[in-house]
$ cat model.cif   # mmCIF, C-alpha atoms and all ligand atoms
data_upload
loop_
_atom_site.label_atom_id
_atom_site.label_comp_id
_atom_site.auth_asym_id
_atom_site.auth_seq_id
_atom_site.Cartn_x
_atom_site.Cartn_y
_atom_site.Cartn_z
CA MET H 7 36.04 -138.19 107.43
CA ARG H 8 35.12 -139.32 110.95
CA ILE H 9 34.12 -142.92 111.39
CA ASN H 10 33.49 -144.73 114.62
CA ILE H 11 32.37 -147.95 116.20
CA ALA H 12 30.20 -146.02 118.62
CA ILE H 13 28.87 -146.89 122.01
CA LEU H 14 30.77 -149.22 124.29
CA PRO H 15 28.90 -152.50 124.79
CA ILE H 16 29.01 -152.17 128.57
CA THR H 17 26.71 -151.14 131.37
CA PRO H 18 27.66 -148.00 133.35
CA GLY H 19 28.39 -148.80 136.97
CA ALA H 20 28.74 -152.49 136.34
CA ALA H 21 32.39 -152.33 137.33
CA TYR H 22 31.37 -151.85 140.95
CA VAL H 23 30.72 -155.49 141.64
CA PHE H 24 31.94 -156.83 144.97
CA LYS H 25 33.87 -160.06 144.81
CA PHE H 26 33.45 -162.52 147.67
CA ALA H 27 33.78 -166.18 148.50
CA GLY H 28 31.52 -168.20 146.26
CA THR H 29 31.84 -165.76 143.36
CA PRO H 30 31.00 -167.61 140.14
CA LEU H 31 33.64 -168.72 137.72
CA ARG H 32 34.81 -165.76 135.64
CA ILE H 33 37.30 -164.63 133.04
CA THR H 34 40.26 -162.96 134.75
CA SER H 35 42.25 -161.91 131.68
CA SER H 36 42.60 -162.35 127.96
CA SER H 37 44.98 -161.64 125.11
CA PRO H 38 44.16 -159.37 123.40
CA PRO H 39 42.62 -157.76 126.49
CA ASN H 40 38.93 -157.02 126.78
CA LEU H 41 37.88 -153.87 124.88
CA PHE H 42 41.09 -153.71 122.84
CA VAL H 43 40.56 -152.06 119.46
CA ASP H 44 42.73 -153.35 116.63
CA PRO H 45 43.80 -150.06 115.01
CA LEU H 46 45.85 -151.52 112.15
CA GLN H 47 44.91 -151.76 108.49
CA ASP H 48 42.32 -154.37 107.49
CA ARG H 49 43.96 -155.47 104.23
CA ASP H 50 47.24 -155.65 102.38
CA PRO H 51 47.78 -152.34 100.57
CA SER H 52 49.31 -154.18 97.60
CA ASP H 53 46.75 -156.98 97.49
CA SER H 54 43.25 -156.07 98.62
CA ASN H 55 42.25 -159.74 98.61
CA THR H 56 44.55 -160.38 101.55
CA LEU H 57 42.57 -159.48 104.66
CA TYR H 58 44.02 -158.81 108.07
CA GLY H 59 42.51 -158.94 111.53
CA ILE H 60 42.48 -160.75 114.86
CA GLN H 61 41.27 -164.32 114.50
CA SER H 62 41.81 -165.79 117.97
CA VAL H 63 41.74 -164.80 121.63
CA SER H 64 43.42 -166.44 124.62
CA ILE H 65 41.22 -166.60 127.73
CA THR H 66 42.24 -167.23 131.36
CA PHE H 67 39.64 -168.24 133.95
CA SER H 68 39.59 -167.67 137.71
CA ALA H 69 39.77 -171.44 138.31
CA ALA H 70 40.27 -174.72 136.51
CA VAL H 71 37.24 -175.41 134.33
CA LYS H 72 35.36 -178.30 132.78
CA ASP H 73 32.62 -178.85 130.23
CA SER H 74 29.28 -179.58 131.93
CA THR H 75 28.50 -182.56 129.71
CA SER H 76 31.84 -184.28 129.21
CA GLY H 77 33.32 -183.31 132.58
CA SER H 78 36.55 -182.76 130.68
CA ALA H 79 38.97 -179.85 130.95
CA THR H 80 39.04 -179.90 127.17
CA LEU H 81 36.68 -177.24 125.86
CA THR H 82 35.22 -177.10 122.36
CA ALA H 83 33.46 -174.68 120.04
CA ASN H 84 30.23 -175.64 121.83
CA ASN H 85 31.45 -173.84 124.96
CA PHE H 86 31.60 -170.41 123.34
CA GLN H 87 29.51 -168.16 121.13
CA VAL H 88 30.40 -165.15 119.01
CA ARG H 89 28.53 -162.18 117.59
CA CYS H 90 29.37 -158.80 116.07
CA THR H 91 27.57 -155.67 117.24
CA LYS H 92 27.44 -151.94 116.71
CA ASN H 93 25.36 -149.78 119.04
CA GLY H 94 24.04 -153.00 120.51
CA ALA H 95 22.64 -154.31 117.21
CA ASP H 96 23.98 -157.36 115.39
CA VAL H 97 26.07 -156.47 112.35
CA THR H 98 28.47 -158.10 109.90
CA ASP H 99 32.01 -157.30 108.79
CA LEU H 100 31.96 -153.87 107.16
CA GLN H 101 33.90 -155.07 104.13
CA THR H 102 33.03 -158.73 103.62
CA GLY H 103 29.49 -158.80 105.01
CA LEU H 104 30.40 -161.98 106.88
CA THR H 105 30.61 -162.87 110.56
CA PRO H 106 32.94 -165.29 112.33
CA SER H 107 31.91 -168.48 114.08
CA ILE H 108 33.82 -170.43 116.72
CA SER H 109 36.19 -172.75 114.88
CA THR H 110 38.21 -174.64 117.50
CA VAL H 111 39.40 -174.25 121.08
CA THR H 112 42.89 -175.27 122.07
CA GLY H 113 44.82 -175.39 125.34
CA THR H 114 43.72 -176.28 128.86
CA GLY H 115 44.25 -172.95 130.56
CA PRO H 116 44.60 -170.47 129.16
CA TYR H 117 42.24 -171.53 126.40
CA THR H 118 42.67 -170.14 122.90
CA VAL H 119 39.43 -169.62 121.01
CA HIS H 120 39.97 -169.67 117.25
CA LEU H 121 37.46 -167.99 114.96
CA SER H 122 36.51 -169.08 111.45
CA ARG H 123 37.44 -165.62 110.16
CA ARG H 124 38.70 -162.32 111.52
CA ILE H 125 36.74 -160.20 113.99
CA CYS H 126 34.27 -157.83 112.32
CA LEU H 127 35.69 -154.70 110.74
CA GLY H 128 33.99 -151.52 111.99
CA ALA H 129 32.27 -153.27 114.88
CA TRP H 130 32.69 -155.01 118.23
CA THR H 131 33.15 -158.77 118.24
CA GLU H 132 31.95 -160.45 121.41
CA ILE H 133 33.31 -163.90 122.35
CA ARG H 134 31.15 -165.18 125.19
CA VAL H 135 31.59 -168.23 127.42
CA LYS H 136 28.43 -170.35 127.54
CA SER H 137 26.84 -171.56 130.76
CA ASN H 138 28.03 -175.12 130.07
CA VAL H 139 31.51 -174.14 131.29
CA LEU H 140 31.84 -174.93 135.01
CA ASP H 141 34.34 -174.44 137.80
CA ALA H 142 36.02 -177.85 137.85
CA ALA H 143 36.21 -178.00 141.64
CA SER H 144 32.86 -176.57 142.72
CA GLY H 145 30.69 -177.14 139.65
CA THR H 146 29.73 -173.46 139.73
CA PRO H 147 28.87 -172.18 136.23
CA ILE H 148 30.43 -169.22 134.50
CA ALA H 149 29.19 -165.85 135.77
CA THR H 150 26.23 -164.22 134.07
CA ASN H 151 27.77 -160.73 134.35
CA ASP H 152 29.02 -159.35 131.02
CA TYR H 153 32.30 -158.26 132.61
CA ASP H 154 33.04 -161.80 133.72
CA ASN H 155 31.91 -164.06 130.90
CA ARG H 156 32.98 -162.43 127.66
CA VAL H 157 35.78 -160.72 125.77
CA VAL H 158 34.89 -157.86 123.45
CA LEU H 159 37.29 -156.76 120.72
CA GLY H 160 36.94 -153.84 118.32
CA PHE H 161 38.39 -153.40 114.84
CA LEU H 162 38.82 -149.84 113.63
CA PRO H 163 41.87 -149.14 111.43
CA MET H 164 43.71 -145.94 112.37
CA ASP H 165 42.15 -145.65 115.84
CA VAL H 166 45.59 -145.46 117.42
CA ASN H 167 44.37 -143.79 120.62
CA GLN H 168 41.59 -146.32 121.19
CA ASP H 169 38.76 -143.81 121.58
CA TYR H 170 36.53 -145.71 119.13
CA GLN H 171 36.70 -143.11 116.38
CA VAL H 172 39.18 -142.02 113.72
CA SER H 173 40.31 -138.40 113.84
CA GLY H 174 43.38 -136.18 113.82
CA ASP H 175 44.00 -137.16 117.43
CA ASP H 176 45.19 -140.54 116.18
CA ILE H 177 48.12 -138.98 114.32
CA ILE H 178 49.08 -137.12 117.50
CA ARG H 179 48.93 -140.37 119.46
CA TRP H 180 51.05 -142.22 116.86
CA VAL H 181 53.78 -139.59 117.22
CA SER H 182 53.40 -139.65 120.99
CA ILE H 183 53.89 -143.40 121.21
CA THR H 184 56.94 -143.34 118.98
CA SER H 185 58.32 -140.65 121.28
CA GLU H 186 57.78 -143.06 124.20
CA THR H 187 55.47 -140.71 126.06
CA PHE H 188 52.62 -143.19 126.09
CA THR H 189 52.46 -146.65 127.60
CA PRO H 190 49.77 -148.95 126.25
CA PRO H 191 48.26 -151.45 128.69
CA PRO H 192 49.59 -155.01 129.11
CA PRO H 193 50.19 -157.37 127.44
CA PHE H 194 51.56 -155.03 124.81
CA ALA H 195 55.15 -153.93 125.03
CA ALA H 196 57.46 -151.59 123.18
CA PRO H 197 57.75 -151.01 120.26
CA TYR H 198 53.94 -151.35 120.35
CA VAL H 199 53.54 -152.81 116.88
CA GLU H 200 49.92 -153.55 117.84
CA TYR H 201 49.27 -149.80 117.69
CA LEU H 202 51.78 -148.42 115.23
CA ASP H 203 52.52 -150.88 112.43
CA GLN H 204 49.59 -149.85 110.24
CA LYS H 205 50.80 -151.94 107.30
CA ARG H 206 51.49 -154.99 109.47
CA ASN H 207 54.92 -155.61 107.99
CA GLY H 208 56.80 -155.72 111.28
CA ILE H 209 58.49 -152.38 110.71
CA ILE H 210 57.42 -149.13 112.35
CA ALA H 211 58.26 -146.38 109.91
CA GLY H 212 57.02 -143.25 108.23
CA GLU H 213 55.03 -145.36 105.79
CA ASP H 214 52.72 -146.25 108.66
CA ILE H 215 51.90 -142.71 109.67
CA ASN H 216 51.48 -141.76 106.02
CA SER H 217 48.45 -144.00 105.91
CA LEU H 218 46.82 -142.23 108.85
CA CA Z 1 40.90 -142.44 117.63
CA CA Z 2 54.92 -150.81 108.95
#
$ encode --input "model.cif" --output "structure tokens" --more "lines below"
Ligand SMILES: [Ca+2]
Ligand SMILES: [Ca+2]
Amino acid sequence: MRINIAILPITPGAAYVFKFAGTPLRITSSSPPNLFVDPLQDRDPSDSNTLYGIQSVSITFSAAVKDSTSGSATLTANNFQVRCTKNGADVTDLQTGLTPSISTVTGTGPYTVHLSRRICLGAWTEIRVKSNVLDAASGTPIATNDYDNRVVLGFLPMDVNQDYQVSGDDIIRWVSITSETFTPPPPFAAPYVEYLDQKRNGIIAGEDINSL
């Protein structure tokens, strides 16, 4: 069976944006990074009621920020919005039929955005910064460009090679990573449990590849 989460929610060519003085406030990095696909299993194999999945993302901005109303560096759920999409259309979690909302925001840079439930299985989850988040020094609002104002995370169990579909290539990539011939992007580091520990038990072993 081949399943996928289909088309990337990005605009071709949009990466070629020149940065110059006066560039609006933007997201410079996040953890997990933008466009990361969680390839691990979505539930406990011994207890299907126990669901797994990313439920928060840490976001770093290009400058110190403040809320437009309060003027405070403390951000809240009102400063972000979340939606799940597939091929550009709004969808829900493939298994539960539910979607996350913004729960709380902690930290003062980086900011950690906590969701009410995991990101959507079988889809992209987009966490977007709303226009009420401003550069604290200049008052400039967050950029309107998709690359600069949101983090998009996928959830597709077994997609070890991050090509947005599940196929035999993922088994090859699992073996490749364990042979240390593949280096995932930062912030992930060996032993790359984010890619290999399919059962999420902290141990990378044959049991994980057996589920691929
Ligand atoms: Ca794949
Ligand atoms: Ca394991």
$ atom_distance --input "model.cif" --atom1 "CA of Pro106 (chain H)" --atom2 "CA of Val88 (chain H)"
7.1 Å
$ residues_around --input "model.cif" --residues "region 108-125 of chain H" --least-positions-apart "5" --cutoff "8 Å" --atoms "all atoms listed in the file" --output "short mmCIF file (atom, residue, chain, number, x, y, z; two decimals) with C-alpha atoms, keeping the file's coordinate frame"
data_model
loop_
_atom_site.label_atom_id
_atom_site.label_comp_id
_atom_site.auth_asym_id
_atom_site.auth_seq_id
_atom_site.Cartn_x
_atom_site.Cartn_y
_atom_site.Cartn_z
CA TYR H 58 44.02 -158.81 108.07
CA GLY H 59 42.51 -158.94 111.53
CA ILE H 60 42.48 -160.75 114.86
CA GLN H 61 41.27 -164.32 114.50
CA SER H 62 41.81 -165.79 117.97
CA VAL H 63 41.74 -164.80 121.63
CA SER H 64 43.42 -166.44 124.62
CA ILE H 65 41.22 -166.60 127.73
CA THR H 66 42.24 -167.23 131.36
CA PHE H 67 39.64 -168.24 133.95
CA ALA H 70 40.27 -174.72 136.51
CA ALA H 79 38.97 -179.85 130.95
CA THR H 80 39.04 -179.90 127.17
CA LEU H 81 36.68 -177.24 125.86
CA THR H 82 35.22 -177.10 122.36
CA ALA H 83 33.46 -174.68 120.04
CA PHE H 86 31.60 -170.41 123.34
CA GLN H 87 29.51 -168.16 121.13
CA VAL H 88 30.40 -165.15 119.01
CA CYS H 90 29.37 -158.80 116.07
CA ASP H 99 32.01 -157.30 108.79
CA TRP H 130 32.69 -155.01 118.23
CA THR H 131 33.15 -158.77 118.24
CA LEU H 159 37.29 -156.76 120.72
CA GLY H 160 36.94 -153.84 118.32
CA PHE H 161 38.39 -153.40 114.84
#
$ axis_aligned_box --input "model.cif" --around "region 86-92 of chain H" --padding-each-side "4 Å" --output "lines of an AutoDock Vina configuration file"
center_x = 29.5
center_y = -161.2
center_z = 119.7
size_x = 12.2
size_y = 26.5
size_z = 15.3
$ residues_around --input "model.cif" --residues "Gly128 (chain H)" --least-positions-apart "4" --cutoff "10 Å" --atoms "all atoms listed in the file" --output "number ranges by chain"
H: 9-12, 43, 48, 90-92, 97-101, 160-163, 170-171
$ write_last_selection --input "model.cif" --atoms "C-alpha atoms" --output "CSV table (one decimal), keeping the file's coordinate frame"
chain,number,residue,atom,x,y,z
H,9,ILE,CA,34.1,-142.9,111.4
H,10,ASN,CA,33.5,-144.7,114.6
H,11,ILE,CA,32.4,-148.0,116.2
H,12,ALA,CA,30.2,-146.0,118.6
H,43,VAL,CA,40.6,-152.1,119.5
H,48,ASP,CA,42.3,-154.4,107.5
H,90,CYS,CA,29.4,-158.8,116.1
H,91,THR,CA,27.6,-155.7,117.2
H,92,LYS,CA,27.4,-151.9,116.7
H,97,VAL,CA,26.1,-156.5,112.4
H,98,THR,CA,28.5,-158.1,109.9
H,99,ASP,CA,32.0,-157.3,108.8
H,100,LEU,CA,32.0,-153.9,107.2
H,101,GLN,CA,33.9,-155.1,104.1
H,160,GLY,CA,36.9,-153.8,118.3
H,161,PHE,CA,38.4,-153.4,114.8
H,162,LEU,CA,38.8,-149.8,113.6
H,163,PRO,CA,41.9,-149.1,111.4
H,170,TYR,CA,36.5,-145.7,119.1
H,171,GLN,CA,36.7,-143.1,116.4
$ residues_around --input "model.cif" --residues "Ser144 (chain H)" --least-positions-apart "6" --cutoff "10 Å" --atoms "only C-alpha atoms" --output "list in words"
Gly28, Pro30, Leu31, Ala69, Ala70 and Val71 of chain H
$ atom_distance --input "model.cif" --atom1 "CA of Val166 (chain H)" --atom2 "CA of Trp180 (chain H)"
6.4 Å
$ closest_residue --input "model.cif" --among "H:Glu186, H:Asp169, H:Asp214, H:Asp141" --to "ligand CA 1 (chain Z)" --atoms "only C-alpha atoms and all ligand atoms"
H:Asp169
$ closest_residue --input "model.cif" --among "H:Asp50, H:Asp96, H:Asp73, H:Glu132" --to "ligand CA 2 (chain Z)" --atoms "only C-alpha atoms and all ligand atoms"
H:Asp50
$ residues_near_ligand --input "model.cif" --ligand "ligand CA 2 (chain Z)" --cutoff "10 Å" --atoms "all atoms listed in the file" --output "JSON list (two decimals) with C-alpha atoms, keeping the file's coordinate frame"
[["chain", "number", "residue", "atom", "x", "y", "z"],
["H", 46, "LEU", "CA", 45.85, -151.52, 112.15],
["H", 199, "VAL", "CA", 53.54, -152.81, 116.88],
["H", 202, "LEU", "CA", 51.78, -148.42, 115.23],
["H", 203, "ASP", "CA", 52.52, -150.88, 112.43],
["H", 204, "GLN", "CA", 49.59, -149.85, 110.24],
["H", 205, "LYS", "CA", 50.80, -151.94, 107.30],
["H", 206, "ARG", "CA", 51.49, -154.99, 109.47],
["H", 207, "ASN", "CA", 54.92, -155.61, 107.99],
["H", 208, "GLY", "CA", 56.80, -155.72, 111.28],
["H", 209, "ILE", "CA", 58.49, -152.38, 110.71],
["H", 210, "ILE", "CA", 57.42, -149.13, 112.35],
["H", 211, "ALA", "CA", 58.26, -146.38, 109.91],
["H", 212, "GLY", "CA", 57.02, -143.25, 108.23],
["H", 213, "GLU", "CA", 55.03, -145.36, 105.79],
["H", 214, "ASP", "CA", 52.72, -146.25, 108.66],
["H", 215, "ILE", "CA", 51.90, -142.71, 109.67],
["H", 217, "SER", "CA", 48.45, -144.00, 105.91]]
$ closest_residue --input "model.cif" --among "H:Pro45, H:Thr29, H:Ser36, H:Ser52" --to "Pro192 (chain H)" --atoms "all atoms listed in the file"
H:Ser36
